[in-house]
$ cat run_34.txt   # compact mmCIF, C-alpha atoms
# COMPACT_ATOMS: atom_id res chain seq x y z
CA MET A 20 -27.12 -89.29 -4.37
CA THR A 21 -24.78 -89.49 -1.42
CA VAL A 22 -23.02 -92.49 0.05
CA LYS A 23 -22.51 -92.82 3.79
CA ALA A 24 -18.98 -93.72 4.77
CA SER A 25 -17.09 -93.89 7.99
CA VAL A 26 -13.71 -92.18 8.10
CA SER A 27 -11.09 -91.95 10.79
CA LEU A 28 -9.33 -88.65 11.42
CA SER A 29 -6.26 -87.94 13.45
CA PRO A 30 -6.89 -85.79 16.52
CA GLN A 31 -5.28 -82.84 14.72
CA GLN A 32 -7.45 -83.32 11.64
CA ALA A 33 -10.61 -83.63 13.73
CA GLU A 34 -9.76 -80.52 15.74
CA PHE A 35 -9.06 -78.54 12.57
CA ALA A 36 -12.27 -79.71 10.90
CA ARG A 37 -14.36 -78.89 13.98
CA LYS A 38 -12.79 -75.41 14.12
CA LEU A 39 -13.71 -74.80 10.48
CA VAL A 40 -17.31 -75.72 11.29
CA GLU A 41 -17.35 -73.66 14.50
CA ASP A 42 -15.95 -70.64 12.63
CA GLY A 43 -18.75 -70.94 10.07
CA HIS A 44 -16.60 -71.91 7.10
CA PHE A 45 -18.51 -75.17 6.62
CA PRO A 46 -21.94 -76.35 7.76
CA SER A 47 -20.71 -79.75 8.97
CA LEU A 48 -17.77 -82.09 9.34
CA ALA A 49 -19.07 -84.00 6.34
CA ALA A 50 -18.86 -80.81 4.26
CA VAL A 51 -15.22 -80.35 5.32
CA VAL A 52 -14.36 -83.91 4.26
CA GLU A 53 -16.27 -83.52 0.98
CA ARG A 54 -14.35 -80.33 0.18
CA GLY A 55 -11.08 -82.05 0.99
CA LEU A 56 -11.90 -84.88 -1.40
CA ASP A 57 -12.91 -82.38 -4.08
CA LEU A 58 -9.54 -80.64 -3.70
CA VAL A 59 -7.65 -83.93 -3.95
CA ARG A 60 -9.64 -84.84 -7.09
CA GLU A 61 -8.93 -81.42 -8.67
CA GLU A 62 -5.23 -81.66 -7.80
CA THR A 63 -5.04 -85.17 -9.25
CA GLU A 64 -6.79 -84.12 -12.46
CA MET A 65 -4.51 -81.09 -12.86
CA ARG A 66 -1.42 -83.22 -12.31
CA GLU A 67 -2.63 -85.71 -14.92
CA GLU A 68 -3.31 -82.87 -17.39
CA ASP A 69 0.16 -81.45 -16.74
CA GLN A 70 1.74 -84.86 -17.31
CA GLN A 71 -0.18 -85.31 -20.57
CA ALA A 72 0.90 -81.85 -21.75
CA LEU A 73 4.52 -82.61 -20.86
CA ARG A 74 4.38 -85.94 -22.71
CA ALA A 75 2.95 -84.19 -25.77
CA LEU A 76 5.65 -81.52 -25.61
CA LEU A 77 8.40 -84.10 -25.31
CA LEU A 78 7.02 -86.06 -28.26
CA ARG A 79 6.90 -82.87 -30.37
CA ARG A 80 10.46 -82.00 -29.36
CA MET A 81 11.68 -85.49 -30.24
CA GLU A 82 10.34 -84.98 -33.78
CA GLY A 83 12.14 -81.66 -34.27
CA PRO A 84 15.78 -80.80 -34.72
CA PHE A 85 18.11 -80.93 -31.75
CA LEU A 86 20.49 -78.10 -31.04
CA SER A 87 24.01 -78.41 -29.82
CA GLU A 88 24.85 -76.81 -26.50
CA GLU A 89 26.52 -73.93 -28.33
CA GLU A 90 23.56 -73.41 -30.70
CA SER A 91 21.21 -73.42 -27.74
CA ARG A 92 23.36 -70.92 -25.82
CA VAL A 93 23.47 -68.56 -28.83
CA GLN A 94 19.68 -68.74 -29.27
CA ILE A 95 19.10 -68.02 -25.59
CA GLU A 96 21.48 -65.06 -25.63
CA GLU A 97 19.76 -63.68 -28.74
CA MET A 98 16.36 -64.08 -27.09
CA ILE A 99 17.56 -62.28 -23.95
CA ALA A 100 19.03 -59.47 -26.06
CA ARG A 101 15.70 -59.05 -27.92
CA LYS A 102 13.78 -58.93 -24.64
CA LYS A 103 16.17 -56.34 -23.23
CA VAL A 104 15.59 -54.15 -26.27
CA GLU A 105 11.85 -54.75 -26.04
CA TYR A 106 11.81 -53.63 -22.39
CA GLY A 107 14.29 -50.80 -22.94
CA LEU A 108 17.01 -52.28 -20.77

$ encode --input "run_34.txt" --output "structure tokens"
Amino acid sequence: MTVKASVSLSPQQAEFARKLVEDGHFPSLAAVVERGLDLVREETEMREEDQQALRALLLRRMEGPFLSEEESRVQIEEMIARKKVEYGL
């Protein structure tokens, strides 16, 4: 089911959308707007998923041990050294 809606576009948006239709990328202006909304929805969902993953990571990190700056630096240097050996550098 579709819902009819009226939208206002800036002159630049309207020109761009018409060009997409004229160039055969979309069958109609409505299809251009629909695709735009789909992209915004996908972007919003991905952002929300990223935020949830970050929250989960931060919660996990808060439960674990914290390293001092020096301990962290040593671990990073050791990791870099291992990777250099792994890649033959």

$ atom_distance --input "run_34.txt" --atom1 "CA of Asp42 (chain A)" --atom2 "CA of Gly55 (chain A)"
17.0 Å

$ residues_around --input "run_34.txt" --residues "Glu53 (chain A)" --least-positions-apart "4" --cutoff "12 Å" --atoms "all atoms listed in the file" --output "VMD selection string"
chain A and resid 21 to 24 26 36 45 to 49 57 to 60

$ atom_distance --input "run_34.txt" --atom1 "CA of Arg54 (chain A)" --atom2 "CA of Val40 (chain A)"
12.4 Å

$ atom_distance --input "run_34.txt" --atom1 "CA of Leu39 (chain A)" --atom2 "CA of Val51 (chain A)"
7.7 Å

$ closest_residue --input "run_34.txt" --among "A:Arg80, A:Val52, A:Glu68, A:Met98" --to "Ala33 (chain A)" --atoms "all atoms listed in the file"
A:Val52

$ decode --input "run_34.txt" --residues "chain A" --atoms "C-alpha atoms" --output "PDB file, in the first residue's frame"
ATOM      1  CA  MET A  20       0.000   0.000   0.000  1.00  0.00           C
ATOM      2  CA  THR A  21       1.269   3.471  -0.789  1.00  0.00           C
ATOM      3  CA  VAL A  22       0.397   6.770   0.812  1.00  0.00           C
ATOM      4  CA  LYS A  23       0.157   9.938  -1.243  1.00  0.00           C
ATOM      5  CA  ALA A  24       2.037  12.859   0.230  1.00  0.00           C
ATOM      6  CA  SER A  25       2.972  16.276  -0.965  1.00  0.00           C
ATOM      7  CA  VAL A  26       6.589  17.320  -0.539  1.00  0.00           C
ATOM      8  CA  SER A  27       8.385  20.550  -1.284  1.00  0.00           C
ATOM      9  CA  LEU A  28      11.817  20.449  -2.883  1.00  0.00           C
ATOM     10  CA  SER A  29      14.334  23.200  -3.279  1.00  0.00           C
ATOM     11  CA  PRO A  30      14.993  24.208  -6.891  1.00  0.00           C
ATOM     12  CA  GLN A  31      18.338  22.391  -6.735  1.00  0.00           C
ATOM     13  CA  GLN A  32      16.752  19.219  -5.374  1.00  0.00           C
ATOM     14  CA  ALA A  33      13.997  19.298  -7.992  1.00  0.00           C
ATOM     15  CA  GLU A  34      16.499  19.844 -10.807  1.00  0.00           C
ATOM     16  CA  PHE A  35      18.676  16.990  -9.566  1.00  0.00           C
ATOM     17  CA  ALA A  36      15.707  14.632  -9.200  1.00  0.00           C
ATOM     18  CA  ARG A  37      14.395  15.491 -12.680  1.00  0.00           C
ATOM     19  CA  LYS A  38      17.862  14.857 -14.140  1.00  0.00           C
ATOM     20  CA  LEU A  39      17.981  11.430 -12.502  1.00  0.00           C
ATOM     21  CA  VAL A  40      14.639  10.602 -14.105  1.00  0.00           C
ATOM     22  CA  GLU A  41      15.652  12.044 -17.489  1.00  0.00           C
ATOM     23  CA  ASP A  42      18.898  10.044 -17.428  1.00  0.00           C
ATOM     24  CA  GLY A  43      16.910   6.864 -16.800  1.00  0.00           C
ATOM     25  CA  HIS A  44      18.155   6.186 -13.276  1.00  0.00           C
ATOM     26  CA  PHE A  45      14.618   6.290 -11.871  1.00  0.00           C
ATOM     27  CA  PRO A  46      11.193   5.912 -13.466  1.00  0.00           C
ATOM     28  CA  SER A  47       9.685   8.927 -11.689  1.00  0.00           C
ATOM     29  CA  LEU A  48      10.242  11.729  -9.211  1.00  0.00           C
ATOM     30  CA  ALA A  49       8.322   9.691  -6.657  1.00  0.00           C
ATOM     31  CA  ALA A  50      10.834   6.855  -7.094  1.00  0.00           C
ATOM     32  CA  VAL A  51      13.704   9.289  -6.434  1.00  0.00           C
ATOM     33  CA  VAL A  52      12.064  10.514  -3.221  1.00  0.00           C
ATOM     34  CA  GLU A  53      11.269   6.938  -2.135  1.00  0.00           C
ATOM     35  CA  ARG A  54      14.903   5.914  -2.644  1.00  0.00           C
ATOM     36  CA  GLY A  55      16.066   8.942  -0.684  1.00  0.00           C
ATOM     37  CA  LEU A  56      13.821   8.003   2.226  1.00  0.00           C
ATOM     38  CA  ASP A  57      15.042   4.403   2.061  1.00  0.00           C
ATOM     39  CA  LEU A  58      18.643   5.633   2.280  1.00  0.00           C
ATOM     40  CA  VAL A  59      17.852   7.862   5.263  1.00  0.00           C
ATOM     41  CA  ARG A  60      16.117   4.929   6.995  1.00  0.00           C
ATOM     42  CA  GLU A  61      19.088   2.612   6.319  1.00  0.00           C
ATOM     43  CA  GLU A  62      21.551   5.243   7.548  1.00  0.00           C
ATOM     44  CA  THR A  63      19.505   5.811  10.698  1.00  0.00           C
ATOM     45  CA  GLU A  64      19.254   2.082  11.414  1.00  0.00           C
ATOM     46  CA  MET A  65      23.003   1.609  10.893  1.00  0.00           C
ATOM     47  CA  ARG A  66      23.785   4.535  13.187  1.00  0.00           C
ATOM     48  CA  GLU A  67      21.508   3.081  15.866  1.00  0.00           C
ATOM     49  CA  GLU A  68      23.171  -0.341  15.505  1.00  0.00           C
ATOM     50  CA  ASP A  69      26.613   1.276  15.787  1.00  0.00           C
ATOM     51  CA  GLN A  70      25.547   3.161  18.909  1.00  0.00           C
ATOM     52  CA  GLN A  71      24.179  -0.027  20.486  1.00  0.00           C
ATOM     53  CA  ALA A  72      27.414  -1.877  19.686  1.00  0.00           C
ATOM     54  CA  LEU A  73      29.470   0.965  21.174  1.00  0.00           C
ATOM     55  CA  ARG A  74      27.335   0.990  24.326  1.00  0.00           C
ATOM     56  CA  ALA A  75      27.778  -2.780  24.672  1.00  0.00           C
ATOM     57  CA  LEU A  76      31.541  -2.462  24.185  1.00  0.00           C
ATOM     58  CA  LEU A  77      31.796   0.302  26.760  1.00  0.00           C
ATOM     59  CA  LEU A  78      29.780  -1.727  29.271  1.00  0.00           C
ATOM     60  CA  ARG A  79      32.055  -4.749  28.712  1.00  0.00           C
ATOM     61  CA  ARG A  80      35.146  -2.574  29.117  1.00  0.00           C
ATOM     62  CA  MET A  81      33.796  -1.072  32.337  1.00  0.00           C
ATOM     63  CA  GLU A  82      33.532  -4.594  33.786  1.00  0.00           C
ATOM     64  CA  GLY A  83      37.133  -5.505  32.939  1.00  0.00           C
ATOM     65  CA  PRO A  84      40.432  -4.368  34.356  1.00  0.00           C
ATOM     66  CA  PHE A  85      41.736  -0.918  33.507  1.00  0.00           C
ATOM     67  CA  LEU A  86      45.310  -0.440  32.412  1.00  0.00           C
ATOM     68  CA  SER A  87      47.556   2.393  33.363  1.00  0.00           C
ATOM     69  CA  GLU A  88      48.891   4.573  30.585  1.00  0.00           C
ATOM     70  CA  GLU A  89      52.242   2.800  30.819  1.00  0.00           C
ATOM     71  CA  GLU A  90      50.673  -0.687  30.763  1.00  0.00           C
ATOM     72  CA  SER A  91      48.623   0.313  27.740  1.00  0.00           C
ATOM     73  CA  ARG A  92      51.678   1.725  25.940  1.00  0.00           C
ATOM     74  CA  VAL A  93      53.652  -1.488  26.578  1.00  0.00           C
ATOM     75  CA  GLN A  94      50.794  -3.660  25.281  1.00  0.00           C
ATOM     76  CA  ILE A  95      50.463  -1.546  22.145  1.00  0.00           C
ATOM     77  CA  GLU A  96      54.200  -1.674  21.472  1.00  0.00           C
ATOM     78  CA  GLU A  97      54.192  -5.456  21.936  1.00  0.00           C
ATOM     79  CA  MET A  98      51.249  -5.796  19.555  1.00  0.00           C
ATOM     80  CA  ILE A  99      52.999  -3.645  16.933  1.00  0.00           C
ATOM     81  CA  ALA A 100      56.189  -5.706  17.315  1.00  0.00           C
ATOM     82  CA  ARG A 101      54.221  -8.953  16.811  1.00  0.00           C
ATOM     83  CA  LYS A 102      52.545  -7.558  13.692  1.00  0.00           C
ATOM     84  CA  LYS A 103      55.881  -6.438  12.282  1.00  0.00           C
ATOM     85  CA  VAL A 104      57.250  -9.954  12.732  1.00  0.00           C
ATOM     86  CA  GLU A 105      54.069 -11.413  11.257  1.00  0.00           C
ATOM     87  CA  TYR A 106      54.407  -9.228   8.150  1.00  0.00           C
ATOM     88  CA  GLY A 107      58.183  -9.622   7.933  1.00  0.00           C
ATOM     89  CA  LEU A 108      58.960  -5.982   8.604  1.00  0.00           C
TER      90      LEU A 108
END
